[in-house]
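Heads up, the thing below is written out as structure tokens.
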Amino acid sequence: MARAQDIASVIRQQIERFGATVTAVDVGTVVEVGDGIAHIHGLAGVKYNELLEFPHGVIGLALNLEEDSVGAILFSEYSEIKEGDEVRCTGRIVEVPVGDGLIGRVVNPLGQPIDGKGPINYQKTLPVERVAPNVVLRTSVDTPVQTGIKAIDSMIPIGRGQRELIIGDRSTGKTAIAIDTIINQKGGDLICIYVAIGQKSSKVAQTVATLEDYGAMEHTIVVSANASDSAALQYLAPYAGCAMGEEFMEQGHDALIIYDDLSKHAWAYRQISLLLRRPAGREAYPGDIFYLHSRLLERAAKYDADHGGGSLTALPIIETQAADISAYIPTNVISITDGQIYLETDLFNAGIRPAMNVGLSVSRVGGSAQTKAMKKVTGRLRIDLAQYREMSTFAQFGTADLDRATRAQLELGQRITEVLKQPQYVPVPLEKQVMILYAVTNGYLDDVPVSSISSAEDAFHRFMETNHPEIGKAIASEKALSEDTEEALKKAITEFKQAAPYDG
Amino acid sequence: MARVASAKRHAQAVFQLALDSNEVEMWRSQLKTIAATLANPELAAILENPKVHLSDKVQLVSRCLPELNELALNFAYLLVARQRMSILDQIVAEYERMADAHQGLEHAEVITAIPLDEEAKEKLVRRLATITGKQIVLATDVDPAIIGGFVARIGDKLIDGSTRARLEALKQKMVQAT
């Protein structure tokens with residue numbers, strides 16, 4: 001009873017304090033509605049990207065401003081809107097709440113919670129569409145994002161503030177790379193934002209559950225516009241997530257944003273554009289489809305020290321159809337980003353996971369962001385692997401009559417490939433990556449059979465943790481492989497091989 | 001949409017003519033006469049009939065509209081020749097809007113829950129005039145559904161001071177807070 005009293009008094013207070021100010025608002029009339037689009041007559045004072053209020057609580061966004069009509073996209077169910085309905089301007093350009101209150105939450109592109117954990121606690125909002133930071137504010141990329149994936153951290157390093165595309169056919173492990181990267185940031189200083197665009201609700205729920213299981217939601221925001229949401233929401237989702245990330249960047253923090261995936265984003269925008277009767281171009285995409293993605297990805301940046309030194313790293317994902325990377329959207333996004341991680345179905349099926357094609361994958365800036373320790377051990381890794389791939393095509397018909405040097409090259413390549421394999425949800429910390437890569441590239445694993453490499457790796461990490469934890473700690477703290485540490489590492493590896501012989 | 005745009009262009013052209021000769025009001029009445037006369041369904045049927053020769057149509061129009069001046073008659077001929085009779089109403093509406101804007105007039109529609117007396121209307125006109133900076137031509141309507149207060153619509157602007165809107169806003173705020 002007491003509780004009912006409380007509620008009543010709260011409501012009473014609200015009623016007493018309620019003051020609705022009467023102001024003049026611009027109004028228009030719906031001329032045509034359908035397919036998530038409304039044409040409105042009037043609304044003379046409307047601004048571009050302004051939120052519009054339709055009857056029955058439906059919200060729209062003004063996108064086409066014409067002489068005496070406005071084309072708007074609708075965010076929710078529009079079946080109750082009729083011709084002749086009144087539309088009001090809200091005076092608000094589309095914006096989202098930003099700040100720490102969002103961390104750990106799942107929100108829609110308007111910043112409304114969809115995880116059932118109550119209202120979001122925020123002090124500030126930012127417009128969804130913002131101009132990217134200019135040249136004066138920026139500096140070059142110099143700190144790595146540790147993905148915890150050996151193949152990426154060693155050969156295609158990603159720096160903070162970089163845009164690295166993850167591209168590949170369906171089910172080649174694109175999302176897995178993104179999720180592993182988020183999980184690896186646990187206990188670190190990188191805030192992650194996962195933007196799901198046009199995915200199945202069940203898949204998003206699964207991803208959130210995985211992140212929760214690994215304790216990764218504590219530093220993560222999920223922005224989700226599912227397949228059943230309107231194209232308008234899907235179009236808005238990456239910009240909303242980006243605005244949230246920019247807030248952290250401007251406060252001097254480091255943030256990572258994953259757009260999963262931008263092909264569906266392009267589809268949503270194509271739908272909107274065609275319905276708004278904008279002229280169609282190649283593959284029926286509108287003329288500004290390049291600008292759609294370039295203005296989004298330009299907002300990833302690294303601020304210089306005078307402006308807080310924050311950063312926003314972007315990992316856009318593109319799904320190709322039948323490995324066609326020369327289609328319109330893939331070529332666009334490849335040319336915008338600072339490199340790509342190219343995943344292949346064949347490699348995936350051959351058990352090489354992550355199924356990364358080392359030849360086609362590059363990182364155009366990340367090298368300068370690699371730690372010294374990593375640089376030291378991976379100097380020849382790419383070349384060795386490239387040579388191995390070239391020779392392995394010749395060696396398909398047997399290695400018996402090959403010369404020793406070639407055979408050694410092949411053996412090494414096989415072992416490196418084996419070491420770079422990695423199961424999902426098991427990110428490897430930097431020091432472990434450095435130690436195992438040091439071992440394999442310097443020939444310490446040459447006498448271990450290829451089939452036992454992965455068990456040898458596990459045993460090696462266990463051995464180092466119990467017998468020589470100081471080496472790992474030294475690498476982790478110095479981020480470099482000093483000569484003393486290197487000597488100690490060499491000795492430890494020899495010791496390990498004597499203790500647990502894997503040869504033959 | 002294209003039709004609306006063309007009505008606007010026609011109205012603009014007529015308005016320019018009217019401005020040049022400083023006969024805005026005269027044109028207003030002439031346009032209304034044309035619209036009223038040509039709205040006659042029998043007449044419209046003949047004018048839209050492709051079998052009737054244009055010269056016959058022109059003669060018919062000139063006989064139906066004897067009191068028009070030459071330019072206004074020409075305008076009627078043009079519409080007949082171009083088969084734009086259907087947008088005549090829109091042209092008149094557009095023209096009236098332009099003329100009103102030129103003369104600093106603004107039409108306001110005010111809805112109240114109970115009928116307004118003359119004094120209140122007077123006050124309202126003065127108040128709205130100060131807000132918009134234009135002369136107000138007031139039309140009032142009574143709708144008990146708004147409960148109290150008033151709703152004023154001036155062109156594209158809406159001032160909703162009704163009790164219904166305030167209750168609606170209160171409801172929304174309470175739903176949001178809980």
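FYI, nothing fancy with the structure tokens labels: chains A, B, ... in order, residues from 1 per chain, ligands from 1 as they appear.
Near region 26-36 of chain B, within 10 Å and counting only C-alpha atoms, sit B:Val14, B:Phe15, B:Leu17, B:Ala18, B:Leu19, B:Val61, B:Cys64, B:Leu65, B:Glu67, B:Leu68, B:Asn69, B:Leu71, B:Ala72, B:Leu73, B:Phe75, B:Ala76, B:Met85, B:Ile87, B:Leu88, B:Asp89, B:Gln90, B:Ile91, B:Val92, B:Ala93, B:Tyr95, B:Glu96, B:Ala99, not including residues fewer than 5 positions from it in the same chain.
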Please write the residues from the selection above to a file, keeping C-alpha atoms, as a short mmCIF file (atom, residue, chain, number, x, y, z; two decimals), in the first residue's frame.
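File selection.cif, as written:
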```
data_model
loop_
_atom_site.label_atom_id
_atom_site.label_comp_id
_atom_site.auth_asym_id
_atom_site.auth_seq_id
_atom_site.Cartn_x
_atom_site.Cartn_y
_atom_site.Cartn_z
CA VAL B 14 -0.35 35.75 -64.12
CA PHE B 15 0.80 37.42 -60.92
CA LEU B 17 1.35 40.43 -65.30
CA ALA B 18 -0.93 41.72 -62.57
CA LEU B 19 1.95 43.33 -60.70
CA VAL B 61 -15.05 30.92 -74.31
CA CYS B 64 -19.23 32.83 -72.15
CA LEU B 65 -16.90 35.41 -70.62
CA GLU B 67 -16.95 41.01 -69.24
CA LEU B 68 -13.27 39.97 -69.23
CA ASN B 69 -10.44 42.19 -70.42
CA LEU B 71 -5.32 39.67 -71.23
CA ALA B 72 -7.55 37.62 -68.97
CA LEU B 73 -9.34 36.27 -72.01
CA PHE B 75 -5.16 33.45 -70.36
CA ALA B 76 -8.42 31.50 -70.66
CA MET B 85 -8.46 23.35 -67.50
CA ILE B 87 -5.53 22.77 -62.79
CA LEU B 88 -7.51 26.02 -62.96
CA ASP B 89 -8.67 25.73 -59.34
CA GLN B 90 -5.09 25.20 -58.18
CA ILE B 91 -3.91 28.18 -60.24
CA VAL B 92 -6.53 30.40 -58.59
CA ALA B 93 -5.54 29.13 -55.12
CA TYR B 95 -2.58 33.16 -57.22
CA GLU B 96 -4.58 34.11 -54.15
CA ALA B 99 -1.53 38.09 -53.85
#
```
Exercise. Within 12 Å of Gly57 (chain A), counting only C-alpha atoms, which residues qualify if same-chain residues fewer than 6 places away don't, as number ranges by chain?
Worked result: A: 74-78, 80-81, 86-88; B: 168-169, 172
Exercise. Could you write out as a PyMOL selection string the residues of chain A within 6 Å of chain B, counting only C-alpha atoms?
Worked result: chain A and resi 22-27
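Across the model, the gap from CA of Val131 (chain A) to CA of Asp304 (chain A) is 17.6 Å.
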Problem set entry | Contact residues around region 122-125 of chain A with only C-alpha atoms at 10 Å, ignoring same-chain residues under 3 positions, as a PyMOL selection string | chain A and resi 94-102+111+119+128+243-244+247
For this session: Check the DSSP output for the backbone and give back, as a PyMOL selection string, the residues of region 223-391 of chain A in helix (DSSP H, G or I).
Result: chain A and resi 231-250+262-275+282-284+289-297+305-307+328-336+345-349+366-369+372-378+381-391
Problem set entry | strand (DSSP E) call set, DSSP backbone run, region 24-155 of chain B, as a count of residues only | 21
